[in-house]
Amino acid sequence: MDSDLISKKDLLQSAGISYGQLYRWKRKGLIPEEWFVRKSTFTGQETFFPREKALTRIDKIKSMQDEDASLDEIADAVSPDLGEVSMTIAEIGERGLVSAEALEIFSAEACDCEVPLVFGEVVSLSALDMLLKTGDVNLDEGRAVLRSLQENYPAFEGRPADLIFVRRMGLSTSLLVSSAAEVRFESSARVVARLNLADCAEALSTRIK
């Protein structure tokens, strides 16, 4: 079994919480729906969770509860509603949310750099920035990745999506898929990076608040 995943039974035991608590937190949006991963095992279908994310989130929830925070207050803290966020390129640069290289690529592709970007567009820019910083893409590839994000990310309408960047025989391409999707390529193709855009959004939200 994937070592990055933890079964529901082991999660409840490790975190010291009940089944009822877990699903109450899910209903309140404290534990994201996409973290409940259904997998086939020799005993049938079981639910697994991303180990590190789930345990860290539960620790935070329990800590805030110890400070007498309500579930609504905790939900605002761990899953802020950023749907109304809009920022210009200048504001993004001033706050240091992404690198100058990512901003330069966006500026070259944008029709009007004065038009504010909504949160999803800032997430796309942040994902591009991550790939540039790790060296997974060069500037030309970065332009193609940004176009792919701009064209396809809105179609997911808030559903969890992954950005996959692939190289094959000197050529590269990127695609967006559902986070739960298992994607296989021919043996000559190399998956250079797979970014969970929900993770990008969560990391970005803590810097915007």
# chains A, B, ... in the order shown; residues from 1 in each chain; ligands from 1
call {"tool": "residues_around", "arguments": {"residues": "Ser188 in chain A", "least_positions_apart": "3", "cutoff": "12 Å", "atoms": "only C-alpha atoms", "output": "list in words"}}
result
Val166, Arg167, Arg168, Met169, Gly170, Leu171, Arg184, Phe185 and Val191 of chain A
call {"tool": "select_by_dssp", "arguments": {"residues": "range 16-79 of chain A", "states": "alpha helix (DSSP H)", "output": "ChimeraX atom specification"}}
result
/A:19-27,51-66,71-78
call {"tool": "write_last_selection", "arguments": {"atoms": "C-alpha atoms", "output": "short mmCIF file (atom, residue, chain, number, x, y, z; two decimals), in the first residue's frame"}}
result
data_model
loop_
_atom_site.label_atom_id
_atom_site.label_comp_id
_atom_site.auth_asym_id
_atom_site.auth_seq_id
_atom_site.Cartn_x
_atom_site.Cartn_y
_atom_site.Cartn_z
CA TYR A 19 -15.53 8.02 13.45
CA GLY A 20 -18.25 10.54 14.32
CA GLN A 21 -15.75 13.38 14.79
CA LEU A 22 -14.08 12.66 11.47
CA TYR A 23 -17.32 12.78 9.49
CA ARG A 24 -18.66 15.78 11.41
CA TRP A 25 -15.49 17.64 10.44
CA LYS A 26 -15.94 16.48 6.85
CA ARG A 27 -19.49 17.89 6.75
CA ARG A 51 -1.11 10.64 5.74
CA GLU A 52 0.83 13.84 6.40
CA LYS A 53 -1.93 16.25 5.37
CA ALA A 54 -4.65 14.48 7.35
CA LEU A 55 -2.64 14.13 10.56
CA THR A 56 -1.41 17.73 10.38
CA ARG A 57 -4.95 19.04 9.74
CA ILE A 58 -6.40 17.02 12.63
CA ASP A 59 -3.67 18.28 14.98
CA LYS A 60 -4.58 21.84 14.01
CA ILE A 61 -8.31 21.26 14.51
CA LYS A 62 -7.76 19.68 17.94
CA SER A 63 -5.41 22.50 18.94
CA MET A 64 -7.95 25.15 17.99
CA GLN A 65 -10.69 23.26 19.82
CA ASP A 66 -8.50 23.28 22.93
CA LEU A 71 -16.19 24.57 14.24
CA ASP A 72 -17.17 27.56 12.09
CA GLU A 73 -14.11 29.51 13.29
CA ILE A 74 -11.88 26.51 12.61
CA ALA A 75 -13.40 26.10 9.14
CA ASP A 76 -12.63 29.74 8.35
CA ALA A 77 -9.04 29.20 9.49
CA VAL A 78 -8.27 25.95 7.67
#
call {"tool": "residues_around", "arguments": {"residues": "Ala180 in chain A", "least_positions_apart": "5", "cutoff": "9 Å", "atoms": "only C-alpha atoms", "output": "compact mmCIF listing (two decimals) with C-alpha atoms, in the first residue's frame"}}
result
# COMPACT_ATOMS: atom_id res chain seq x y z
CA GLU A 34 -10.91 14.76 -1.91
CA VAL A 37 -9.68 8.12 -1.14
CA PRO A 160 -9.61 18.89 -7.15
CA ALA A 161 -7.24 18.81 -10.11
CA ASP A 162 -3.61 17.89 -10.73
call {"tool": "residues_around", "arguments": {"residues": "range 130-140 of chain A", "least_positions_apart": "2", "cutoff": "12 Å", "atoms": "only C-alpha atoms", "output": "count of residues only"}}
result
45
call {"tool": "atom_distance", "arguments": {"atom1": "CA of Ile89 in chain A", "atom2": "CA of Leu175 in chain A"}}
result
24.7 Å
call {"tool": "closest_residue", "arguments": {"among": "A:Thr206, A:Lys39, A:Arg95, A:Glu141", "to": "Glu182 in chain A", "atoms": "only C-alpha atoms"}}
result
A:Lys39
call {"tool": "closest_residue", "arguments": {"among": "A:Ser7, A:Thr88, A:Ser205, A:Ser70", "to": "Ser107 in chain A", "atoms": "only C-alpha atoms"}}
result
A:Thr88
call {"tool": "atom_distance", "arguments": {"atom1": "CA of Glu151 in chain A", "atom2": "CA of Ile31 in chain A"}}
result
28.7 Å
call {"tool": "select_by_dssp", "arguments": {"residues": "range 80-178 of chain A", "states": "strand (DSSP E)", "output": "number ranges by chain"}}
result
A: 86-87, 117-118, 161-168, 171-178
